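Peer 1: Below is the file start.csv, which contains CSV, C-alpha atoms.
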```csv
chain,number,residue,atom,x,y,z
A,1,MET,CA,-51.9,10.3,80.4
A,2,GLU,CA,-54.5,12.8,81.6
A,3,LEU,CA,-55.1,15.4,79.0
A,4,ILE,CA,-55.2,19.2,79.6
A,5,PRO,CA,-58.5,20.8,78.5
A,6,PHE,CA,-58.0,23.1,75.5
A,7,SER,CA,-60.8,25.2,74.2
A,8,LEU,CA,-60.5,25.5,70.4
A,9,TRP,CA,-60.4,29.1,69.3
A,10,GLY,CA,-62.4,28.9,66.1
A,11,ASP,CA,-64.4,31.6,64.5
A,12,ALA,CA,-67.8,30.1,64.7
A,13,LEU,CA,-70.4,32.4,66.4
A,14,TRP,CA,-73.0,29.6,67.0
A,15,CYS,CA,-73.3,25.9,67.2
A,16,GLY,CA,-73.8,25.0,63.5
A,17,GLN,CA,-71.8,21.8,63.1
A,18,GLU,CA,-74.2,18.8,63.1
A,19,VAL,CA,-73.4,15.8,65.2
A,20,VAL,CA,-74.5,12.4,63.9
A,21,ARG,CA,-76.3,10.2,66.4
A,22,GLU,CA,-77.4,6.6,66.6
A,23,ALA,CA,-79.8,4.8,68.9
A,24,PRO,CA,-77.2,4.1,71.7
A,25,HIS,CA,-76.3,7.8,71.8
A,26,GLU,CA,-79.9,8.8,72.6
A,27,GLN,CA,-79.8,7.1,75.9
A,28,ALA,CA,-76.6,9.0,76.8
A,29,ILE,CA,-78.2,12.3,75.7
A,30,ARG,CA,-81.4,11.5,77.7
A,31,SER,CA,-79.4,11.0,80.8
A,32,LEU,CA,-78.1,14.6,80.6
A,33,PHE,CA,-81.7,16.0,81.1
A,34,PRO,CA,-84.2,15.9,84.0
A,35,ASP,CA,-87.0,13.5,84.2
A,36,PRO,CA,-89.6,14.3,83.0
A,37,ILE,CA,-88.6,16.5,80.1
A,38,PRO,CA,-90.9,19.6,80.0
A,39,ALA,CA,-93.6,19.5,77.3
A,40,ARG,CA,-92.0,22.3,75.4
A,41,GLY,CA,-88.7,20.4,75.2
A,42,ALA,CA,-85.4,21.3,76.9
A,43,ASP,CA,-82.0,22.8,75.9
A,44,LEU,CA,-78.6,22.4,77.3
A,45,ASP,CA,-75.6,24.6,76.5
A,46,THR,CA,-72.4,23.1,77.6
A,47,GLU,CA,-68.8,22.1,76.6
A,48,ALA,CA,-68.1,19.0,74.5
A,49,GLU,CA,-64.9,17.1,74.1
A,50,LEU,CA,-63.8,16.1,70.6
A,51,VAL,CA,-62.1,12.7,70.8
A,52,PRO,CA,-60.2,11.2,67.9
A,53,GLU,CA,-60.7,7.4,67.8
A,54,PRO,CA,-57.7,5.9,65.9
A,55,HIS,CA,-58.7,2.4,67.0
A,56,ASN,CA,-62.3,2.7,65.7
A,57,ARG,CA,-62.7,-0.4,63.5
A,58,PHE,CA,-65.2,1.3,61.3
A,59,ASP,CA,-63.2,4.5,60.7
A,60,PRO,CA,-59.8,5.3,62.3
A,61,ARG,CA,-60.3,9.0,61.5
A,62,SER,CA,-63.6,9.2,63.3
A,63,ILE,CA,-64.2,12.0,65.9
A,64,ALA,CA,-66.4,11.2,68.9
A,65,VAL,CA,-68.3,14.1,70.6
A,66,ARG,CA,-68.3,13.6,74.4
A,67,VAL,CA,-70.4,15.5,77.0
A,68,GLN,CA,-69.9,14.9,80.7
A,69,GLY,CA,-68.0,11.8,79.9
A,70,LYS,CA,-70.7,10.3,77.6
A,71,VAL,CA,-70.5,9.9,73.8
A,72,VAL,CA,-73.5,11.7,72.4
A,73,GLY,CA,-72.5,11.2,68.7
A,74,TYR,CA,-69.9,11.7,66.1
A,75,LEU,CA,-68.9,14.3,63.6
A,76,PRO,CA,-70.1,13.4,60.1
A,77,ARG,CA,-67.5,11.3,58.2
A,78,ASP,CA,-66.3,14.0,55.7
A,79,ASP,CA,-66.1,16.6,58.5
A,80,ALA,CA,-64.2,14.2,60.8
A,81,HIS,CA,-61.6,13.6,58.1
A,82,ARG,CA,-61.1,17.4,57.6
A,83,TYR,CA,-60.7,18.0,61.3
A,84,HIS,CA,-58.8,14.8,62.2
A,85,PRO,CA,-55.2,16.0,61.5
A,86,VAL,CA,-55.3,19.0,63.8
A,87,LEU,CA,-57.4,17.4,66.6
A,88,SER,CA,-55.2,14.2,66.7
A,89,GLU,CA,-52.1,16.4,66.9
A,90,LEU,CA,-53.5,18.3,69.8
A,91,VAL,CA,-54.2,15.1,71.6
A,92,ALA,CA,-50.7,13.9,70.8
A,93,GLN,CA,-49.4,17.1,72.5
A,94,GLY,CA,-51.4,16.2,75.7
A,95,LEU,CA,-54.3,18.6,75.0
A,96,GLN,CA,-58.0,17.7,75.0
A,97,PRO,CA,-59.9,19.7,72.4
A,98,GLN,CA,-63.2,21.1,73.6
A,99,VAL,CA,-65.9,23.3,72.0
A,100,PRO,CA,-69.3,24.9,72.8
A,101,CYS,CA,-72.1,22.4,72.4
A,102,HIS,CA,-75.9,22.8,72.2
A,103,LEU,CA,-78.3,19.9,72.9
A,104,TRP,CA,-82.1,20.0,72.4
A,105,VAL,CA,-84.5,17.2,73.4
A,106,SER,CA,-88.2,16.6,73.4
A,107,GLU,CA,-90.3,13.7,74.6
A,108,TRP,CA,-94.0,13.0,74.3
A,109,GLU,CA,-96.5,10.1,74.2
A,110,PRO,CA,-97.5,9.1,70.7
A,111,ALA,CA,-101.1,9.6,69.6
A,112,ASP,CA,-103.3,7.3,67.6
A,113,TRP,CA,-104.9,8.4,64.2
A,114,SER,CA,-107.8,10.1,65.9
A,115,GLY,CA,-105.4,12.4,67.8
A,116,ASN,CA,-105.9,10.7,71.2
A,117,THR,CA,-102.9,10.0,73.3
A,118,VAL,CA,-102.1,6.3,73.3
A,119,SER,CA,-102.2,4.9,76.8
A,120,ALA,CA,-99.4,2.7,78.1
A,121,GLY,CA,-100.0,-0.9,77.3
A,122,LYS,CA,-101.7,-0.2,74.0
A,123,LYS,CA,-100.3,0.0,70.5
A,124,GLY,CA,-97.5,2.6,70.4
A,125,ASP,CA,-96.7,2.0,74.1
A,126,GLY,CA,-93.9,4.3,75.4
A,127,THR,CA,-92.8,7.7,74.6
A,128,GLU,CA,-91.2,9.3,71.5
A,129,PHE,CA,-87.8,10.8,72.2
A,130,HIS,CA,-86.1,13.3,69.8
A,131,ALA,CA,-82.8,15.0,70.1
A,132,SER,CA,-80.4,17.2,68.2
A,133,VAL,CA,-76.7,17.9,69.0
A,134,ALA,CA,-74.5,20.6,67.4
A,135,VAL,CA,-71.1,22.1,68.2
A,136,ALA,CA,-69.4,25.4,67.3
A,137,MET,CA,-66.4,24.9,65.2
A,138,GLY,CA,-64.4,27.1,62.8
A,139,GLN,CA,-62.5,26.0,59.8
A,140,PRO,CA,-59.7,23.5,60.5
A,141,HIS,CA,-57.0,26.2,60.0
A,142,MET,CA,-58.7,28.5,62.5
A,143,LEU,CA,-59.0,26.1,65.4
A,144,VAL,CA,-55.6,26.8,67.1
A,145,PRO,CA,-53.1,29.6,67.2
A,146,VAL,CA,-49.9,29.1,65.2
A,147,ASN,CA,-47.5,30.2,67.9
A,148,LEU,CA,-46.8,29.2,71.5
A,149,PRO,CA,-48.6,30.7,74.5
A,150,PRO,CA,-46.7,33.3,76.6
A,151,PRO,CA,-44.2,31.7,78.9
A,152,GLY,CA,-45.0,31.6,82.6
A,153,SER,CA,-48.2,32.8,84.1
A,154,PHE,CA,-50.8,34.5,81.9
A,155,HIS,CA,-54.5,35.0,81.5
A,156,LEU,CA,-56.2,34.8,78.1
A,157,LEU,CA,-58.9,37.5,77.8
A,158,PRO,CA,-62.3,36.3,76.7
A,159,PRO,CA,-63.0,37.0,73.0
A,160,GLY,CA,-64.6,40.4,72.1
A,161,SER,CA,-65.4,42.4,69.0
A,162,GLY,CA,-62.6,42.9,66.5
A,163,ILE,CA,-60.3,45.9,66.6
A,164,VAL,CA,-57.8,46.4,63.8
A,165,VAL,CA,-54.4,47.2,65.5
A,166,PRO,CA,-53.1,50.5,64.2
A,167,GLY,CA,-49.7,50.4,62.6
A,168,SER,CA,-49.6,46.6,62.3
A,169,GLU,CA,-49.5,46.9,58.5
A,170,VAL,CA,-46.0,48.5,58.6
A,171,HIS,CA,-44.4,45.4,60.2
A,172,PRO,CA,-44.3,42.8,57.4
A,173,GLU,CA,-41.0,41.4,58.7
A,174,ILE,CA,-42.6,40.6,62.1
A,175,LEU,CA,-45.8,39.3,60.6
A,176,ALA,CA,-44.0,37.1,57.9
A,177,PRO,CA,-43.8,34.0,60.0
A,178,PHE,CA,-47.6,34.1,60.5
A,179,PHE,CA,-48.7,34.4,56.8
A,180,ARG,CA,-50.5,31.3,55.7
A,181,ALA,CA,-51.7,29.9,52.4
A,182,GLU,CA,-55.3,30.2,53.8
A,183,GLY,CA,-54.8,33.9,54.1
A,184,GLU,CA,-55.4,34.0,57.9
A,185,CYS,CA,-54.5,32.5,61.2
A,186,TRP,CA,-55.0,32.9,64.9
A,187,VAL,CA,-52.0,34.0,67.0
A,188,TYR,CA,-51.4,34.5,70.7
A,189,ALA,CA,-50.7,38.1,71.4
A,190,THR,CA,-49.7,39.9,74.6
A,191,MET,CA,-51.0,43.3,75.7
A,192,HIS,CA,-48.7,45.7,77.6
A,193,ALA,CA,-49.2,49.1,79.3
A,194,ILE,CA,-46.5,51.5,78.1
A,195,GLU,CA,-45.9,55.2,78.2
A,196,GLU,CA,-45.7,57.4,75.1
A,197,GLU,CA,-45.3,61.1,74.7
A,198,ASP,CA,-48.5,63.1,74.2
A,199,SER,CA,-47.4,65.8,71.7
A,200,ILE,CA,-50.5,67.9,72.4
A,201,GLN,CA,-50.4,68.0,76.2
A,202,ASP,CA,-46.6,67.6,76.3
A,203,ARG,CA,-46.7,64.8,78.9
A,204,PRO,CA,-46.5,61.0,78.8
A,205,ARG,CA,-49.7,59.0,78.5
A,206,ASN,CA,-50.5,55.3,79.0
A,207,VAL,CA,-51.4,53.2,75.9
A,208,VAL,CA,-51.6,49.5,75.1
A,209,GLU,CA,-49.0,47.9,73.0
A,210,ILE,CA,-49.7,44.7,71.1
A,211,ARG,CA,-46.9,42.2,70.8
A,212,LEU,CA,-46.5,38.9,68.9
A,213,ASP,CA,-43.8,36.7,70.3
A,214,ASP,CA,-42.6,39.8,72.2
A,215,GLU,CA,-42.2,41.8,69.1
A,216,PRO,CA,-44.3,45.1,69.0
A,217,VAL,CA,-46.8,45.3,66.0
A,218,GLY,CA,-48.9,48.3,67.0
A,219,ARG,CA,-50.5,50.4,69.7
A,220,LEU,CA,-54.1,51.1,70.5
A,221,SER,CA,-55.4,54.6,70.6
A,222,PRO,CA,-55.5,56.3,74.1
A,223,ARG,CA,-59.3,55.9,74.1
A,224,LEU,CA,-59.3,52.2,73.3
A,225,SER,CA,-56.3,51.6,75.6
A,226,ALA,CA,-58.3,53.0,78.5
A,227,GLU,CA,-60.8,50.2,78.0
A,228,PHE,CA,-58.1,47.5,78.5
A,229,LEU,CA,-55.7,49.1,80.9
A,230,PRO,CA,-57.6,48.2,84.1
A,231,ALA,CA,-57.4,44.4,83.3
A,232,ILE,CA,-53.8,44.7,82.2
A,233,HIS,CA,-52.8,46.5,85.5
A,234,TYR,CA,-54.8,44.0,87.5
A,235,LEU,CA,-53.0,41.0,86.0
A,236,ALA,CA,-49.6,42.7,86.3
A,237,ASP,CA,-50.2,43.1,90.0
A,238,MET,CA,-50.7,39.3,90.1
A,239,ARG,CA,-47.4,38.9,88.2
A,240,ALA,CA,-49.2,37.6,85.1
A,241,GLU,CA,-49.2,38.7,81.5
A,242,THR,CA,-52.3,39.6,79.6
A,243,ALA,CA,-52.8,37.4,76.6
A,244,ALA,CA,-55.3,37.9,73.8
A,245,ARG,CA,-56.5,36.4,70.5
A,246,VAL,CA,-55.4,38.1,67.3
A,247,ALA,CA,-56.0,37.2,63.7
A,248,VAL,CA,-53.3,37.9,61.2
A,249,ARG,CA,-54.6,38.3,57.7
A,250,GLY,CA,-53.0,38.9,54.3
A,251,ASP,CA,-49.5,38.5,52.9
A,252,ARG,CA,-46.3,40.5,52.4
A,253,SER,CA,-48.0,42.9,50.1
A,254,ALA,CA,-50.9,43.8,52.4
A,255,SER,CA,-51.7,42.6,55.9
A,256,GLU,CA,-53.5,43.5,59.1
A,257,VAL,CA,-53.7,42.3,62.7
A,258,THR,CA,-57.1,42.3,64.4
A,259,LEU,CA,-57.5,42.0,68.1
A,260,TYR,CA,-60.4,40.0,69.6
A,261,ALA,CA,-60.5,40.6,73.3
A,262,ALA,CA,-63.2,41.6,75.8
A,263,ARG,CA,-62.8,45.2,77.2
A,264,SER,CA,-62.4,45.5,81.0
A,265,HIS,CA,-66.1,46.6,81.5
A,266,ASP,CA,-67.3,43.5,79.6
A,267,LEU,CA,-65.4,41.0,81.7
A,268,PRO,CA,-67.6,38.6,83.8
A,269,ALA,CA,-67.9,39.1,87.5
A,270,THR,CA,-66.0,35.8,88.0
A,271,TRP,CA,-63.0,37.1,86.1
A,272,PRO,CA,-60.2,36.1,86.3
A,273,ASP,CA,-61.2,32.5,87.0
A,274,GLY,CA,-57.6,31.3,87.3
A,275,LEU,CA,-54.2,31.9,85.7
A,276,THR,CA,-52.8,29.6,83.1
A,277,ARG,CA,-49.3,28.3,82.7
A,278,SER,CA,-48.3,27.2,79.2
A,279,PRO,CA,-48.7,23.3,79.0
A,280,VAL,CA,-46.6,23.2,75.9
A,281,ALA,CA,-42.9,22.5,75.8
A,282,SER,CA,-42.3,21.9,72.1
A,283,PRO,CA,-42.3,24.8,69.5
A,284,GLN,CA,-44.0,22.4,67.0
A,285,TRP,CA,-46.9,22.1,69.3
A,286,HIS,CA,-49.7,21.6,66.7
A,287,TYR,CA,-50.4,20.7,63.2
A,288,TRP,CA,-50.4,24.2,61.6
A,289,ALA,CA,-47.1,25.2,63.1
A,290,THR,CA,-45.4,22.9,60.6
A,291,LYS,CA,-46.9,24.5,57.5
A,292,GLU,CA,-44.9,26.7,55.3
A,293,ALA,CA,-45.6,30.4,55.3
A,294,ASN,CA,-46.3,32.2,52.0
```
Rewrite the structure from the file as structure tokens, please.

Peer 2:
Amino acid sequence: MELIPFSLWGDALWCGQEVVREAPHEQAIRSLFPDPIPARGADLDTEAELVPEPHNRFDPRSIAVRVQGKVVGYLPRDDAHRYHPVLSELVAQGLQPQVPCHLWVSEWEPADWSGNTVSAGKKGDGTEFHASVAVAMGQPHMLVPVNLPPPGSFHLLPPGSGIVVPGSEVHPEILAPFFRAEGECWVYATMHAIEEEDSIQDRPRNVVEIRLDDEPVGRLSPRLSAEFLPAIHYLADMRAETAARVAVRGDRSASEVTLYAARSHDLPATWPDGLTRSPVASPQWHYWATKEAN
């Protein structure tokens, strides 16, 4: 079965998760870079696939890190065991987890004790190759949203700086299904252009309403709405919904919804790079959906 790529949401801002490498992986890493490697070293920022290996004879809960089809290392054992439940469940649902990955390499000829470069054919023949690999991963409970994607065609806005959704704290009955023991979770939200009355100018105005599973949880201010409305209208003309990442934090006594979406003027020139149709048919589509709410 061919897996559908799924970019883990996470909350990591940089590639800080170490990837453990052994000698066979260095050859795979080296093949990703030009020959020769510049004297100052070389970097590669790309996507990596996280591949559970249930048939690994050394550890059935191991997680391989694969770049361009080549295994470049593994998550450390303890980390692999923490991430294994959610990653293996995503694979079981037909999704291939992928994350940002940073690789750095350097290569040089070894020197003798006097500081002179050792020529080929002498002691120390060959070059020294060094590499490091790291991926960006959040905590296991913040890798995937806890609800289904919107049905039909939609586009998930790229992540942006956080905006607390006004009014979301007054909807505990809507937020209750999203409260988690960890105190936070990611949720698919949809953004909708609606009209509301402007009590000052006595005329309707367009604002953005945030909905979770089609239930309204708050509206952005007119000023903030204006920064998202062009993208929402554009996708609506394409008969697609605008989806976004939101974090639900708290419990029944106190909660908030924070929107993480790029504003229209921050979208890349290639946006949108394609619409998405939900690949998921089952409501229990990942590990965290089965956990009890507080």

Peer 1: Just to confirm, what's the straight-line distance from atom CA of A:Met142 to atom CA of A:His192 in Å (one decimal)?

Peer 2: 25.0 Å

Peer 1: Would you please work out which residue, of A:Arg263, A:Thr270, A:Pro222, A:Ala181, is nearest to A:Asp198 when using only C-alpha atoms?

Peer 2: A:Pro222

Peer 1: Find the residues around A:Leu229 up to 10 Å (all atoms listed in the file counted), leave out those fewer than 2 positions away in its own chain, and share them as an MDAnalysis selection string.

Peer 2: chainID A and resid 191:194 206:208 222 224:227 231:235 263:264

Peer 1: What is the distance between atom CA of A:Leu157 and atom CA of A:Ala244, in Å to one decimal?

Peer 2: 5.4 Å

Peer 1: Looking at only C-alpha atoms, which of A:Leu44, A:Ala131, A:Val105, A:Val91 is the one that sits closest to A:Glu22?

Peer 2: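 Of the candidates, the smallest distance to A:Glu22 is held by A:Ala131.
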
Peer 1: When you look at A:Leu212 with a cut-off of 7 Å (counting only C-alpha atoms), what residues show up, excluding the ones that are within fewer than 4 positions of it in the same chain? I need them as a list in words.

Peer 2: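 Residues near the query, excluding close chain neighbours: Tyr188, Ala189, Thr190 and Pro216 of chain A.
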